[in-house]
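S.K.: Before I ask anything, let me first share the structure, which is written out below as structure tokens.
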Amino acid sequence: MITCDPKVCWGWPCIAGHRLQVDDVAGSIRAGETVEQYALDKEITVEQVQEALAVYECLKPLFDAYAELHPLEDGADEDAGDGEPDHEDE
């Protein structure tokens with residue numbers, strides 16, 4: 001079962017009882033992990049993974065719109081360096 005509870009994962013859809021967001025599940029599968037391996041790694045069923053993927057596909061336009069409005073959250077601070085200021089005159 002997929003749930004959307006404001007007290008769990010900030011209300012993002014996730015697999016009930018596991019805090020695995022459907023977009024994270026989909027990202028792992030897109031990255032090449034098999035459904036079976038993901039289920040085994042996360043100690044959930046293949047059916048739960050498939051349900052998460054189905055819900056993600058239904059909500060994909062919303063996830064895409066959010067990503068477009070919040071581009072820094074996907075790759076935040078990619079060129080931020082190590083956090084140390086540059087001191088060229090030292």
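We label chains A, B, ... in the order they appear in the structure tokens, count residues from 1 in each chain, and number ligands from 1 in the order shown.
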If you run DSSP on the backbone, which residues of chain A are alpha helix (DSSP H), as a VMD selection string?

M.R.: chain A and resid 22 to 30 35 to 42 46 to 69

S.K.: Please identify every residue of region 27-77 of chain A that has at least one atom no farther than 9 Å from an atom of region 4-20 of chain A, counting only C-alpha atoms, and for each give the shortest atom pair and the distance in Å to one decimal, arranged by chain then increasing number, as a Markdown table.

M.R.:
```
| residue | atom | partner | partner_atom | distance |
| --- | --- | --- | --- | --- |
| A:Lys42 | CA | A:His18 | CA | 8.7 |
| A:Ile44 | CA | A:His18 | CA | 8.4 |
| A:Gln48 | CA | A:Ile15 | CA | 7.0 |
| A:Val49 | CA | A:Ile15 | CA | 8.3 |
| A:Glu51 | CA | A:Ile15 | CA | 8.6 |
| A:Ala52 | CA | A:Ile15 | CA | 6.8 |
| A:Val55 | CA | A:Pro13 | CA | 8.3 |
| A:Tyr56 | CA | A:Pro13 | CA | 8.5 |
```

S.K.: Please dump the current selection as a JSON list (two decimals), in the first residue's frame; keep all heavy atoms.

M.R.:
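Once everything was written out, this is again_34.json:
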```
[["chain", "number", "residue", "atom", "x", "y", "z"],
["A", 42, "LYS", "N", 15.70, -3.83, 0.29],
["A", 42, "LYS", "CA", 14.89, -3.02, 1.20],
["A", 42, "LYS", "C", 13.97, -3.86, 2.09],
["A", 42, "LYS", "O", 13.22, -3.33, 2.90],
["A", 42, "LYS", "CB", 14.05, -2.01, 0.41],
["A", 42, "LYS", "CG", 14.86, -1.06, -0.43],
["A", 42, "LYS", "CD", 15.77, -0.21, 0.41],
["A", 42, "LYS", "CE", 16.51, 0.81, -0.46],
["A", 42, "LYS", "NZ", 17.43, 1.62, 0.29],
["A", 44, "ILE", "N", 11.30, -5.65, 1.28],
["A", 44, "ILE", "CA", 9.89, -5.48, 0.93],
["A", 44, "ILE", "C", 9.57, -6.47, -0.17],
["A", 44, "ILE", "O", 10.46, -7.16, -0.67],
["A", 44, "ILE", "CB", 9.59, -4.03, 0.49],
["A", 44, "ILE", "CG1", 10.45, -3.63, -0.72],
["A", 44, "ILE", "CG2", 9.79, -3.06, 1.66],
["A", 44, "ILE", "CD1", 10.15, -2.26, -1.27],
["A", 48, "GLN", "N", 5.15, -4.66, -3.70],
["A", 48, "GLN", "CA", 5.23, -3.30, -3.16],
["A", 48, "GLN", "C", 6.05, -2.39, -4.07],
["A", 48, "GLN", "O", 5.70, -1.23, -4.28],
["A", 48, "GLN", "CB", 5.84, -3.32, -1.75],
["A", 48, "GLN", "CG", 4.90, -3.86, -0.70],
["A", 48, "GLN", "CD", 5.59, -4.03, 0.65],
["A", 48, "GLN", "OE1", 6.58, -4.76, 0.74],
["A", 48, "GLN", "NE2", 5.06, -3.37, 1.66],
["A", 49, "VAL", "N", 7.12, -2.92, -4.62],
["A", 49, "VAL", "CA", 7.93, -2.15, -5.55],
["A", 49, "VAL", "C", 7.12, -1.83, -6.80],
["A", 49, "VAL", "O", 7.11, -0.69, -7.28],
["A", 49, "VAL", "CB", 9.24, -2.89, -5.92],
["A", 49, "VAL", "CG1", 10.03, -2.10, -6.96],
["A", 49, "VAL", "CG2", 10.08, -3.16, -4.70],
["A", 51, "GLU", "N", 3.91, -1.63, -7.10],
["A", 51, "GLU", "CA", 2.87, -0.65, -6.78],
["A", 51, "GLU", "C", 3.47, 0.75, -6.69],
["A", 51, "GLU", "O", 2.89, 1.72, -7.19],
["A", 51, "GLU", "CB", 2.18, -1.02, -5.47],
["A", 51, "GLU", "CG", 1.04, -0.08, -5.14],
["A", 51, "GLU", "CD", 0.30, -0.45, -3.87],
["A", 51, "GLU", "OE1", 0.84, -1.23, -3.06],
["A", 51, "GLU", "OE2", -0.81, 0.06, -3.68],
["A", 52, "ALA", "N", 4.64, 0.87, -6.07],
["A", 52, "ALA", "CA", 5.30, 2.17, -5.98],
["A", 52, "ALA", "C", 5.61, 2.72, -7.37],
["A", 52, "ALA", "O", 5.43, 3.91, -7.64],
["A", 52, "ALA", "CB", 6.58, 2.06, -5.15],
["A", 55, "VAL", "N", 2.35, 3.96, -9.00],
["A", 55, "VAL", "CA", 1.93, 5.24, -8.45],
["A", 55, "VAL", "C", 2.84, 6.35, -8.96],
["A", 55, "VAL", "O", 2.37, 7.43, -9.33],
["A", 55, "VAL", "CB", 1.90, 5.20, -6.90],
["A", 55, "VAL", "CG1", 1.71, 6.58, -6.31],
["A", 55, "VAL", "CG2", 0.80, 4.26, -6.42],
["A", 56, "TYR", "N", 4.13, 6.08, -9.01],
["A", 56, "TYR", "CA", 5.06, 7.08, -9.53],
["A", 56, "TYR", "C", 4.69, 7.47, -10.97],
["A", 56, "TYR", "O", 4.69, 8.66, -11.31],
["A", 56, "TYR", "CB", 6.50, 6.57, -9.49],
["A", 56, "TYR", "CG", 7.45, 7.53, -10.15],
["A", 56, "TYR", "CD1", 7.88, 8.67, -9.49],
["A", 56, "TYR", "CD2", 7.89, 7.32, -11.46],
["A", 56, "TYR", "CE1", 8.73, 9.57, -10.11],
["A", 56, "TYR", "CE2", 8.73, 8.21, -12.09],
["A", 56, "TYR", "CZ", 9.14, 9.34, -11.41],
["A", 56, "TYR", "OH", 9.97, 10.24, -12.04]]
```

S.K.: If you count only C-alpha atoms, which residues fall within 12 Å of Thr34 (chain A), apart from same-chain ones fewer than 6 positions away, as a list in words?

M.R.: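 So the residues in contact are Val25, Ala26, Gly27, Ser28, Leu40, Asp41, Val46, Val49 and Gln50 of chain A.
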